[in-house]
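File shown: protein11.csv. Contents: CSV, C-alpha atoms.
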```
chain,number,residue,atom,x,y,z
B,190,MET,CA,118.5,100.7,107.9
B,191,ALA,CA,118.0,99.4,104.4
B,192,ALA,CA,120.0,101.9,102.4
B,193,ILE,CA,122.2,100.7,99.5
B,194,ALA,CA,125.2,102.8,98.6
B,195,PRO,CA,125.5,103.7,94.9
B,196,GLY,CA,126.9,100.8,93.0
B,197,ALA,CA,126.7,98.4,96.0
B,198,SER,CA,125.0,95.1,96.1
B,199,GLU,CA,122.3,94.6,98.7
B,200,ILE,CA,124.1,93.5,101.8
B,201,PRO,CA,122.3,91.0,104.0
B,202,THR,CA,121.9,92.0,107.7
B,203,PRO,CA,121.1,89.7,110.6
B,204,ASP,CA,117.4,90.5,110.4
B,205,LYS,CA,117.5,89.6,106.7
B,206,ALA,CA,118.7,86.0,107.2
B,207,ALA,CA,115.4,84.6,106.0
B,208,ASP,CA,115.6,86.7,102.8
B,209,ALA,CA,119.2,85.7,102.2
B,210,ALA,CA,118.1,82.0,102.2
B,211,ARG,CA,115.2,82.5,99.8
B,212,GLU,CA,115.5,81.5,96.2
B,213,ILE,CA,116.5,84.4,93.9
B,214,VAL,CA,114.4,84.9,90.7
B,215,PHE,CA,116.1,88.1,89.4
B,216,SER,CA,119.6,89.1,90.3
B,217,VAL,CA,120.7,92.5,89.2
B,218,ARG,CA,124.2,93.8,89.7
B,219,HIS,CA,125.6,97.2,88.6
B,220,LEU,CA,123.0,97.7,85.9
B,221,TRP,CA,123.1,100.8,83.8
B,222,LYS,CA,120.9,102.2,81.0
B,223,VAL,CA,122.3,105.3,79.4
B,224,PHE,CA,120.7,107.1,76.5
B,225,GLY,CA,122.7,109.4,74.2
B,226,PRO,CA,125.9,109.6,72.2
B,227,LYS,CA,128.6,107.0,73.1
B,228,ALA,CA,126.4,105.8,75.9
B,229,GLU,CA,128.5,102.7,76.5
B,230,ARG,CA,131.4,104.8,77.7
B,231,ILE,CA,129.5,106.4,80.7
B,232,PRO,CA,129.4,103.4,83.1
B,233,ASP,CA,133.2,103.0,83.1
B,234,ASP,CA,134.0,106.7,83.1
B,235,ALA,CA,135.0,107.6,86.7
B,236,SER,CA,135.1,111.3,85.9
B,237,VAL,CA,131.3,111.4,85.6
B,238,ALA,CA,130.4,109.0,88.4
B,239,ASP,CA,129.5,111.8,90.9
B,240,LEU,CA,127.8,114.1,88.4
B,241,SER,CA,124.1,114.9,88.9
B,242,ALA,CA,121.6,114.0,86.2
B,243,GLN,CA,121.7,117.6,84.9
B,244,GLU,CA,125.5,117.8,85.0
B,245,LEU,CA,125.8,114.5,83.2
B,246,ARG,CA,123.5,115.8,80.4
B,247,GLU,CA,125.3,119.1,80.1
B,248,GLN,CA,128.8,117.5,80.0
B,249,THR,CA,128.1,114.4,77.9
B,250,GLY,CA,124.7,114.8,76.2
B,251,CYS,CA,123.7,111.5,77.9
B,252,THR,CA,120.9,110.6,80.3
B,253,ALA,CA,121.5,107.8,82.8
B,254,ALA,CA,118.0,106.5,83.3
B,255,VAL,CA,119.3,103.6,85.4
B,256,ARG,CA,122.5,104.2,87.2
B,257,ASP,CA,124.6,101.4,88.8
B,258,VAL,CA,121.7,99.6,90.3
B,259,SER,CA,122.0,96.3,92.3
B,260,PHE,CA,119.2,94.2,93.9
B,261,ASP,CA,117.7,90.7,94.1
B,262,VAL,CA,114.0,89.7,93.7
B,263,HIS,CA,113.2,86.7,95.8
B,264,LYS,CA,110.8,84.0,94.8
B,265,GLY,CA,107.3,84.6,96.1
B,266,GLU,CA,107.7,88.3,97.0
B,267,VAL,CA,106.1,91.5,95.8
B,268,PHE,CA,109.0,93.7,95.0
B,269,VAL,CA,108.0,97.3,94.4
B,270,VAL,CA,110.0,99.8,92.4
B,271,MET,CA,108.8,103.3,93.4
B,272,GLY,CA,109.8,106.8,92.4
B,273,LEU,CA,108.5,110.0,90.9
B,274,SER,CA,108.3,110.6,87.2
B,275,GLY,CA,111.7,110.4,85.6
B,276,SER,CA,113.3,108.4,88.4
B,277,GLY,CA,114.1,105.5,86.1
B,278,LYS,CA,111.7,102.9,87.6
B,279,SER,CA,109.9,102.0,84.3
B,280,THR,CA,113.2,101.8,82.4
B,281,LEU,CA,114.6,99.6,85.1
B,282,VAL,CA,111.8,97.0,85.0
B,283,ARG,CA,111.8,97.0,81.2
B,284,CYS,CA,115.5,96.1,81.4
B,285,LEU,CA,114.6,92.9,83.3
B,286,THR,CA,113.2,91.3,80.2
B,287,ARG,CA,115.3,93.4,77.8
B,288,LEU,CA,112.3,95.3,76.4
B,289,ILE,CA,114.9,98.0,76.9
B,290,GLU,CA,118.4,96.9,76.3
B,291,PRO,CA,120.7,97.6,79.3
B,292,THR,CA,123.9,99.5,78.6
B,293,SER,CA,126.0,97.5,81.0
B,294,GLY,CA,125.8,95.3,84.1
B,295,ASP,CA,124.8,91.8,85.1
B,296,LEU,CA,121.3,90.5,84.8
B,297,GLU,CA,120.2,87.0,85.7
B,298,MET,CA,116.8,85.2,85.9
B,299,ASP,CA,116.9,81.9,87.8
B,300,GLY,CA,120.7,81.9,87.3
B,301,GLU,CA,120.5,82.4,83.6
B,302,ASP,CA,122.3,85.3,81.9
B,303,VAL,CA,119.5,87.3,80.4
B,304,ARG,CA,121.8,89.7,78.6
B,305,ALA,CA,123.4,86.7,76.8
B,306,MET,CA,120.0,85.2,75.6
B,307,ASP,CA,119.4,85.0,71.9
B,308,GLY,CA,116.2,86.2,70.3
B,309,ALA,CA,114.4,82.9,70.6
B,310,THR,CA,115.2,82.4,74.2
B,311,LEU,CA,114.3,86.0,75.0
B,312,ARG,CA,110.9,85.6,73.3
B,313,GLU,CA,110.3,82.4,75.4
B,314,LEU,CA,111.1,84.3,78.6
B,315,ARG,CA,108.6,87.1,77.7
B,316,ARG,CA,105.9,84.7,76.6
B,317,ARG,CA,106.1,82.1,79.3
B,318,ARG,CA,108.2,83.2,82.3
B,319,ALA,CA,107.7,86.9,82.9
B,320,SER,CA,104.5,88.6,81.8
B,321,MET,CA,103.9,92.4,81.8
B,322,VAL,CA,100.7,94.1,82.9
B,323,PHE,CA,100.8,97.7,81.5
B,324,GLN,CA,98.9,100.9,82.5
B,325,HIS,CA,97.5,100.9,79.0
B,326,PHE,CA,95.7,97.7,78.6
B,327,GLY,CA,96.5,97.0,74.9
B,328,LEU,CA,93.4,94.8,74.5
B,329,LEU,CA,92.3,93.7,71.1
B,330,PRO,CA,89.0,95.6,70.5
B,331,HIS,CA,87.5,93.1,68.0
B,332,ARG,CA,88.0,90.1,70.4
B,333,THR,CA,85.8,89.1,73.3
B,334,VAL,CA,87.1,89.0,76.9
B,335,LEU,CA,87.7,85.3,76.6
B,336,ASP,CA,89.7,85.5,73.4
B,337,ASN,CA,91.7,88.5,74.7
B,338,VAL,CA,92.6,86.4,77.8
B,339,ALA,CA,93.5,83.4,75.6
B,340,TYR,CA,95.7,85.5,73.2
B,341,GLY,CA,99.0,84.6,74.9
B,342,LEU,CA,98.1,81.0,74.9
B,343,GLU,CA,97.3,81.2,71.2
B,344,ILE,CA,100.7,82.7,70.5
B,345,GLN,CA,102.2,79.8,72.4
B,346,GLY,CA,100.5,77.4,70.0
B,347,MET,CA,97.9,75.9,72.3
B,348,GLY,CA,94.8,74.5,70.7
B,349,LYS,CA,91.6,76.5,70.6
B,350,ALA,CA,89.5,74.3,73.0
B,351,GLU,CA,92.3,74.0,75.5
B,352,ARG,CA,93.2,77.7,75.6
B,353,ARG,CA,89.6,78.8,75.8
B,354,ALA,CA,89.1,76.4,78.8
B,355,LYS,CA,92.2,77.8,80.5
B,356,ALA,CA,91.1,81.4,79.8
B,357,ALA,CA,87.7,80.7,81.3
B,358,GLU,CA,89.3,79.6,84.5
B,359,VAL,CA,91.4,82.7,84.7
B,360,VAL,CA,88.5,85.0,83.8
B,361,GLU,CA,86.6,83.6,86.8
B,362,LYS,CA,89.7,84.0,89.1
B,363,VAL,CA,89.9,87.7,88.4
B,364,GLY,CA,86.2,88.3,88.9
B,365,LEU,CA,84.9,88.6,85.3
B,366,ALA,CA,82.7,85.5,85.2
B,367,GLY,CA,79.6,86.3,83.0
B,368,LEU,CA,81.5,88.8,80.9
B,369,GLU,CA,83.4,86.4,78.7
B,370,LYS,CA,81.5,87.4,75.5
B,371,ARG,CA,81.8,91.1,75.9
B,372,ARG,CA,84.3,93.2,74.0
B,373,PRO,CA,86.7,95.7,75.6
B,374,GLY,CA,84.5,98.7,74.5
B,375,GLN,CA,81.7,97.3,76.6
B,376,LEU,CA,83.7,97.2,79.8
B,377,SER,CA,84.6,99.7,82.5
B,378,GLY,CA,88.2,100.8,83.0
B,379,GLY,CA,88.6,98.5,86.0
B,380,GLN,CA,87.1,95.5,84.1
B,381,GLN,CA,89.5,96.2,81.2
B,382,GLN,CA,92.4,96.1,83.6
B,383,ARG,CA,91.2,92.8,85.0
B,384,VAL,CA,91.2,91.5,81.5
B,385,GLY,CA,94.8,92.6,81.1
B,386,LEU,CA,95.7,90.9,84.4
B,387,ALA,CA,93.9,87.7,83.4
B,388,ARG,CA,95.7,87.7,80.0
B,389,ALA,CA,99.1,87.9,81.9
B,390,LEU,CA,98.0,85.2,84.4
B,391,ALA,CA,96.7,82.8,81.7
B,392,VAL,CA,100.2,81.9,80.5
B,393,ASP,CA,101.1,80.9,84.1
B,394,PRO,CA,104.3,83.0,84.3
B,395,GLU,CA,106.8,82.6,87.0
B,396,VAL,CA,106.9,86.4,87.5
B,397,LEU,CA,104.3,89.2,86.9
B,398,LEU,CA,105.7,92.6,86.0
B,399,PHE,CA,103.3,95.5,86.7
B,400,ASP,CA,104.1,98.8,85.0
B,401,GLU,CA,101.9,101.4,87.0
B,402,PRO,CA,98.9,99.3,86.0
B,403,PHE,CA,96.3,101.2,88.0
B,404,SER,CA,97.4,104.8,87.8
B,405,ALA,CA,94.7,105.7,85.2
B,406,LEU,CA,91.8,104.2,87.3
B,407,ASP,CA,89.6,106.2,89.6
B,408,PRO,CA,90.4,105.8,93.4
B,409,LEU,CA,87.7,103.2,94.2
B,410,ILE,CA,88.4,101.0,91.3
B,411,ARG,CA,92.2,101.4,91.9
B,412,ARG,CA,91.8,100.2,95.5
B,413,ASP,CA,89.7,97.2,94.3
B,414,MET,CA,92.5,96.2,91.8
B,415,GLN,CA,95.2,96.6,94.5
B,416,GLU,CA,93.3,94.3,96.7
B,417,GLU,CA,92.9,91.9,93.8
B,418,VAL,CA,96.7,91.8,93.4
B,419,ILE,CA,97.1,91.2,97.1
B,420,ARG,CA,94.5,88.4,97.0
B,421,LEU,CA,96.2,86.7,94.0
B,422,HIS,CA,99.6,86.9,95.7
B,423,GLN,CA,98.2,85.4,98.9
B,424,ASP,CA,96.4,82.6,97.0
B,425,GLU,CA,99.2,81.7,94.6
B,426,GLY,CA,102.4,83.1,96.1
B,427,ARG,CA,103.5,84.3,92.7
B,428,THR,CA,106.5,86.5,92.4
B,429,MET,CA,105.6,90.1,91.4
B,430,VAL,CA,107.6,93.2,90.4
B,431,PHE,CA,105.3,96.2,90.8
B,432,ILE,CA,106.1,99.8,89.5
B,433,THR,CA,104.3,102.7,91.1
B,434,HIS,CA,104.8,106.4,91.8
B,435,ASP,CA,102.3,106.2,94.6
B,436,LEU,CA,103.7,105.7,98.1
B,437,ALA,CA,100.4,104.5,99.6
B,438,GLU,CA,100.1,101.8,96.9
B,439,ALA,CA,103.7,100.7,97.4
B,440,LEU,CA,103.2,100.4,101.2
B,441,LEU,CA,100.0,98.5,100.6
B,442,VAL,CA,101.2,95.8,98.1
B,443,GLY,CA,104.9,95.6,98.7
B,444,ASP,CA,107.0,93.1,100.7
B,445,ARG,CA,110.0,95.2,99.9
B,446,ILE,CA,110.3,98.6,98.2
B,447,ALA,CA,113.2,100.0,96.1
B,448,LEU,CA,112.8,103.8,96.1
B,449,MET,CA,114.5,105.4,93.1
B,450,ARG,CA,115.7,108.9,92.4
B,451,ASP,CA,117.6,110.0,89.3
B,452,GLY,CA,118.2,106.5,88.2
B,453,LYS,CA,119.6,105.3,91.5
B,454,ILE,CA,118.1,103.2,94.3
B,455,VAL,CA,118.3,105.5,97.3
B,456,GLN,CA,116.8,103.0,99.8
B,457,LEU,CA,115.7,99.4,99.6
B,458,GLY,CA,113.8,97.8,102.4
B,459,THR,CA,110.5,96.6,103.9
B,460,PRO,CA,107.7,99.2,104.2
B,461,GLU,CA,108.5,99.4,107.9
B,462,GLU,CA,112.2,100.1,107.2
B,463,ILE,CA,111.4,102.7,104.6
B,464,VAL,CA,108.9,104.6,106.9
B,465,GLY,CA,110.6,103.9,110.2
B,466,SER,CA,114.3,104.4,109.2
B,467,PRO,CA,114.5,106.7,106.1
B,468,ALA,CA,118.0,106.6,104.6
B,469,ASP,CA,118.3,110.3,103.9
B,470,ASP,CA,116.3,113.6,103.7
B,471,TYR,CA,114.8,112.7,100.3
B,472,VAL,CA,113.2,109.5,101.7
B,473,ARG,CA,112.3,111.4,104.9
B,474,ASP,CA,110.4,113.9,102.9
B,475,PHE,CA,108.8,111.2,100.9
B,476,VAL,CA,107.3,109.4,103.9
B,477,ARG,CA,106.7,112.5,106.1
B,478,ASP,CA,102.9,112.3,105.9
B,479,VAL,CA,102.5,108.5,106.2
B,480,PRO,CA,100.5,107.5,109.3
B,481,ARG,CA,103.4,105.5,110.9
B,482,GLU,CA,101.3,103.6,113.4
B,483,GLN,CA,99.6,102.0,110.4
B,484,VAL,CA,103.0,100.8,109.0
B,485,LEU,CA,105.3,100.3,111.9
B,486,THR,CA,104.9,97.0,113.9
B,487,VAL,CA,105.1,96.1,117.6
B,488,ARG,CA,108.7,95.2,117.0
B,489,ARG,CA,109.4,98.9,117.4
B,490,ALA,CA,107.3,99.4,120.5
B,491,MET,CA,107.8,96.3,122.7
B,492,ARG,CA,109.8,96.1,125.8
B,493,PRO,CA,111.5,93.0,127.5
B,494,ALA,CA,109.2,90.7,129.4
B,495,GLU,CA,109.5,90.8,133.2
B,496,ASP,CA,109.1,87.7,135.5
B,497,GLY,CA,105.7,86.0,134.8
B,498,GLU,CA,104.7,88.3,131.9
B,499,ALA,CA,105.6,85.8,129.2
B,500,ASP,CA,102.7,83.6,130.3
B,501,GLN,CA,100.1,86.3,129.7
B,502,GLY,CA,97.8,85.8,126.7
B,503,PRO,CA,96.5,86.0,124.2
B,504,ALA,CA,99.6,86.9,122.2
B,505,LEU,CA,100.2,89.3,119.3
B,506,THR,CA,102.4,88.4,116.4
B,507,PRO,CA,105.5,90.5,115.8
B,508,ASP,CA,104.0,91.8,112.5
B,509,THR,CA,101.0,93.3,114.4
B,510,LEU,CA,100.7,97.0,113.5
B,511,ILE,CA,101.0,99.5,116.3
B,512,SER,CA,97.5,100.8,115.5
B,513,ASP,CA,96.1,97.3,116.0
B,514,ALA,CA,98.1,96.7,119.1
B,515,ILE,CA,96.7,99.9,120.6
B,516,GLU,CA,93.2,98.7,120.0
B,517,ALA,CA,94.0,95.2,121.4
B,518,VAL,CA,95.6,96.6,124.6
B,519,ALA,CA,92.8,99.1,125.1
B,520,ARG,CA,90.1,96.4,124.6
B,521,SER,CA,91.7,94.0,127.1
B,522,GLY,CA,93.0,96.6,129.5
B,523,ALA,CA,96.1,94.5,130.0
B,524,ALA,CA,99.6,94.1,128.5
B,525,ARG,CA,100.0,91.7,125.6
B,526,VAL,CA,102.8,89.3,124.8
B,527,VAL,CA,104.5,89.5,121.4
B,528,ASP,CA,105.1,85.9,120.4
B,529,ASP,CA,106.4,84.0,117.3
B,530,GLY,CA,106.7,80.7,119.1
B,531,ARG,CA,108.7,82.2,121.9
B,532,CYS,CA,108.1,85.4,123.9
B,533,LEU,CA,109.8,88.3,122.1
B,534,GLY,CA,108.6,91.1,124.4
B,535,ILE,CA,105.6,92.9,125.9
B,536,VAL,CA,103.5,95.8,124.7
B,537,ASP,CA,101.4,97.7,127.2
B,538,HIS,CA,99.8,101.2,127.5
B,539,ALA,CA,103.1,102.8,128.5
B,540,CYS,CA,105.3,101.6,125.6
B,541,LEU,CA,102.6,102.2,123.1
B,542,LEU,CA,101.9,105.7,124.3
B,543,ASP,CA,105.7,106.3,124.2
B,544,VAL,CA,106.1,105.2,120.6
B,545,VAL,CA,103.0,107.2,119.5
B,546,ALA,CA,104.4,110.3,121.3
B,547,ARG,CA,107.6,109.9,119.4
B,548,ILE,CA,105.7,109.5,116.1
B,549,ASP,CA,103.6,112.6,116.9
B,550,ARG,CA,106.7,114.6,117.7
B,551,GLY,CA,107.8,113.9,114.1
B,552,ARG,CA,110.7,111.7,115.0
B,553,ASP,CA,111.9,110.0,111.8
B,554,GLU,CA,113.8,107.3,113.6
B,555,VAL,CA,111.9,104.9,115.9
B,556,THR,CA,114.3,102.7,117.9
B,557,THR,CA,113.9,99.0,117.4
B,558,ALA,CA,113.3,97.2,120.6
```
Written as structure tokens, how would this file's structure read?
Amino acid sequence: MAAIAPGASEIPTPDKAADAAREIVFSVRHLWKVFGPKAERIPDDASVADLSAQELREQTGCTAAVRDVSFDVHKGEVFVVMGLSGSGKSTLVRCLTRLIEPTSGDLEMDGEDVRAMDGATLRELRRRRASMVFQHFGLLPHRTVLDNVAYGLEIQGMGKAERRAKAAEVVEKVGLAGLEKRRPGQLSGGQQQRVGLARALAVDPEVLLFDEPFSALDPLIRRDMQEEVIRLHQDEGRTMVFITHDLAEALLVGDRIALMRDGKIVQLGTPEEIVGSPADDYVRDFVRDVPREQVLTVRRAMRPAEDGEADQGPALTPDTLISDAIEAVARSGAARVVDDGRCLGIVDHACLLDVVARIDRGRDEVTTA
């Protein structure tokens, strides 16, 4: 299970050995953001530690938008911060680059203390190292697509010819080739969001920070943009922090998901961990309607191989979804090996039917094989 107790750092477990070895981009420990009178006293006041959000407001006049949060963002991953309105997700991500000033806690990027950065260093971080993509595009209406995309490079002091050449490359990368001379008012919502994405990419940041970038788009365009983010991540391996209130979006784009409620992270884990092993009733309700066979993998359905079975083929990878495994076994009419260079187990009609039956019975925990 991937739960994190309030105030605790993320604790590596055996199946997270690879994560533990990966380079850390953002390291966050015991981070608080409190709004209200004498806000700086709240994090160290043990008498209010167990108060609900409402009780804290009533007793102190303060709101703890981010409450004793700890996590790491690893290089090359898509880290999703998800929660309902008012959960603290947008405040948390704005704290990463101090667009909102944290009240207390430790915050590092690439080992550097972000909270200790002076104004010039902080501006450099925002301009070159961590770019934000907002829900509201903030495009300059009098500038063309190309010049909007080149704007961040202009701020950095890059020459006109060089920045326009760089912007043209990025415009093509996000699927806007041929629209370089149009102005924002001549574009659809999806095209405008692609301009916003291209503008962020143009400065070649180490991290892209997405603040609910697609929530204002219609469903079809939204799906196109989600797939664009996935494609860019696969092509470039760029680190991304992605805020959303939409569980389906989080499950689609995220390598790991931090689910927030009332300023706290109530569970942090992979999509499979969140859906297959919810930490509490709140998470359980959140994921109740998710088609589990489209999120859970054969790791949770396979059985040990018997004599001679390890030589059967072709093999499935351990990341194969249960829904895809069902199709593969039905098509071949035979059991399939689960293999990552060695035989991990077997999936066949019986074990797949068993896991589907448990899913259909509404079981919230599916035992890992």
Exercise for review: May I have the residues within 12 Å of Ile344 in chain B as a PyMOL selection string, using only C-alpha atoms and disregarding those fewer than 3 positions away in the same chain?
Suggested key: chain B and resi 312-313+315-317+336-341+347-349+352+388+391-392
Check your understanding: Do you know which residues are at most 10 Å from Cys284 in chain B counting all atoms listed in the file, after dropping those on the same chain fewer than 2 positions away, and could you put them as a count of residues only?
Key -> 19
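Across the structure, CA of Asp469 in chain B and CA of Asp543 in chain B are spaced 24.2 Å apart.
Taking all atoms listed in the file into account, Val536 in chain B lies nearest to B:Arg492 out of the set B:Gly497, B:Arg492, B:Ala356, B:Ala254.
Our summary of the geometry notes that CA of Phe268 in chain B is positioned 23.0 Å from CA of Arg489 in chain B.
Among the candidate residues B:Pro467, B:Pro503, B:Gly294, B:Gly374, the one lying nearest to Ser521 in chain B is B:Pro503, with distances computed using all atoms listed in the file.
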**Study point:** Interatomic distance (Å, one decimal) between CA of Val359 in chain B and CA of Gly346 in chain B
**Key:** 18.1 Å
Point to revise | Nearest-residue call for Gly534 in chain B, choices B:Leu245, B:Ala519, B:Val487, B:Val430, using all atoms listed in the file | key: B:Val487
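Nearest residue to Ala437 in chain B, choosing from B:Cys540, B:Leu335, B:Val476, B:Ala357 and counting only C-alpha atoms: B:Val476.
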Review point. Which residue, B:Leu285, B:Ala235, B:Ala228, B:Glu395, has the smallest gap to Leu311 in chain B when you use only C-alpha atoms?
Key: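 The shortest atom-to-atom distance to Leu311 in chain B comes from B:Leu285.
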Check your understanding: Using all atoms listed in the file, which of B:Met321, B:Pro394, B:Thr486, B:Glu244 sits nearest Leu342 in chain B?
Key ->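 Using all atoms listed in the file, Leu342 in chain B sits closest to B:Pro394.
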Taking the block above, write range 504-512 of chain B with all heavy atoms as a PDB file, in the first residue's frame.
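Okay, part_18.pdb is ready:
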```pdb
ATOM      1  N   ALA B 504       5.329 -14.358 -24.459  1.00  0.00           N
ATOM      2  CA  ALA B 504       5.177 -13.890 -23.090  1.00  0.00           C
ATOM      3  C   ALA B 504       4.480 -12.537 -23.033  1.00  0.00           C
ATOM      4  O   ALA B 504       4.454 -11.779 -24.008  1.00  0.00           O
ATOM      5  CB  ALA B 504       6.543 -13.794 -22.422  1.00  0.00           C
ATOM      6  N   LEU B 505       3.909 -12.239 -21.857  1.00  0.00           N
ATOM      7  CA  LEU B 505       3.369 -10.926 -21.531  1.00  0.00           C
ATOM      8  C   LEU B 505       4.331 -10.232 -20.574  1.00  0.00           C
ATOM      9  O   LEU B 505       4.975 -10.886 -19.759  1.00  0.00           O
ATOM     10  CB  LEU B 505       1.993 -11.051 -20.858  1.00  0.00           C
ATOM     11  CG  LEU B 505       0.890 -11.780 -21.624  1.00  0.00           C
ATOM     12  CD1 LEU B 505      -0.352 -11.913 -20.751  1.00  0.00           C
ATOM     13  CD2 LEU B 505       0.564 -11.054 -22.918  1.00  0.00           C
ATOM     14  N   THR B 506       4.421  -8.930 -20.670  1.00  0.00           N
ATOM     15  CA  THR B 506       5.230  -8.194 -19.703  1.00  0.00           C
ATOM     16  C   THR B 506       4.429  -8.033 -18.409  1.00  0.00           C
ATOM     17  O   THR B 506       3.187  -8.087 -18.424  1.00  0.00           O
ATOM     18  CB  THR B 506       5.596  -6.797 -20.230  1.00  0.00           C
ATOM     19  OG1 THR B 506       4.410  -5.982 -20.298  1.00  0.00           O
ATOM     20  CG2 THR B 506       6.225  -6.881 -21.623  1.00  0.00           C
ATOM     21  N   PRO B 507       5.097  -7.798 -17.281  1.00  0.00           N
ATOM     22  CA  PRO B 507       4.367  -7.646 -16.018  1.00  0.00           C
ATOM     23  C   PRO B 507       3.492  -6.406 -15.970  1.00  0.00           C
ATOM     24  O   PRO B 507       2.625  -6.296 -15.099  1.00  0.00           O
ATOM     25  CB  PRO B 507       5.476  -7.591 -14.968  1.00  0.00           C
ATOM     26  CG  PRO B 507       6.720  -7.267 -15.710  1.00  0.00           C
ATOM     27  CD  PRO B 507       6.560  -7.840 -17.075  1.00  0.00           C
ATOM     28  N   ASP B 508       3.694  -5.449 -16.894  1.00  0.00           N
ATOM     29  CA  ASP B 508       2.858  -4.239 -16.935  1.00  0.00           C
ATOM     30  C   ASP B 508       1.623  -4.407 -17.812  1.00  0.00           C
ATOM     31  O   ASP B 508       0.853  -3.461 -17.980  1.00  0.00           O
ATOM     32  CB  ASP B 508       3.682  -3.051 -17.461  1.00  0.00           C
ATOM     33  CG  ASP B 508       4.761  -2.633 -16.474  1.00  0.00           C
ATOM     34  OD1 ASP B 508       4.515  -2.724 -15.257  1.00  0.00           O
ATOM     35  OD2 ASP B 508       5.846  -2.220 -16.923  1.00  0.00           O
ATOM     36  N   THR B 509       1.409  -5.597 -18.367  1.00  0.00           N
ATOM     37  CA  THR B 509       0.234  -5.836 -19.201  1.00  0.00           C
ATOM     38  C   THR B 509      -1.039  -5.692 -18.364  1.00  0.00           C
ATOM     39  O   THR B 509      -1.145  -6.264 -17.277  1.00  0.00           O
ATOM     40  CB  THR B 509       0.276  -7.249 -19.813  1.00  0.00           C
ATOM     41  OG1 THR B 509       1.473  -7.385 -20.584  1.00  0.00           O
ATOM     42  CG2 THR B 509      -0.938  -7.495 -20.692  1.00  0.00           C
ATOM     43  N   LEU B 510      -1.993  -4.922 -18.858  1.00  0.00           N
ATOM     44  CA  LEU B 510      -3.249  -4.749 -18.145  1.00  0.00           C
ATOM     45  C   LEU B 510      -4.043  -6.044 -18.146  1.00  0.00           C
ATOM     46  O   LEU B 510      -3.955  -6.844 -19.088  1.00  0.00           O
ATOM     47  CB  LEU B 510      -4.070  -3.638 -18.790  1.00  0.00           C
ATOM     48  CG  LEU B 510      -3.474  -2.231 -18.764  1.00  0.00           C
ATOM     49  CD1 LEU B 510      -4.402  -1.265 -19.491  1.00  0.00           C
ATOM     50  CD2 LEU B 510      -3.220  -1.760 -17.348  1.00  0.00           C
ATOM     51  N   ILE B 511      -4.836  -6.229 -17.105  1.00  0.00           N
ATOM     52  CA  ILE B 511      -5.662  -7.429 -17.018  1.00  0.00           C
ATOM     53  C   ILE B 511      -6.598  -7.519 -18.216  1.00  0.00           C
ATOM     54  O   ILE B 511      -6.805  -8.602 -18.777  1.00  0.00           O
ATOM     55  CB  ILE B 511      -6.440  -7.445 -15.685  1.00  0.00           C
ATOM     56  CG1 ILE B 511      -5.472  -7.729 -14.531  1.00  0.00           C
ATOM     57  CG2 ILE B 511      -7.564  -8.483 -15.713  1.00  0.00           C
ATOM     58  CD1 ILE B 511      -6.081  -7.619 -13.155  1.00  0.00           C
ATOM     59  N   SER B 512      -7.163  -6.401 -18.647  1.00  0.00           N
ATOM     60  CA  SER B 512      -8.062  -6.422 -19.808  1.00  0.00           C
ATOM     61  C   SER B 512      -7.342  -6.919 -21.056  1.00  0.00           C
ATOM     62  O   SER B 512      -7.906  -7.685 -21.855  1.00  0.00           O
ATOM     63  CB  SER B 512      -8.637  -5.021 -20.052  1.00  0.00           C
ATOM     64  OG  SER B 512      -7.602  -4.072 -20.253  1.00  0.00           O
TER      65      SER B 512
END
```
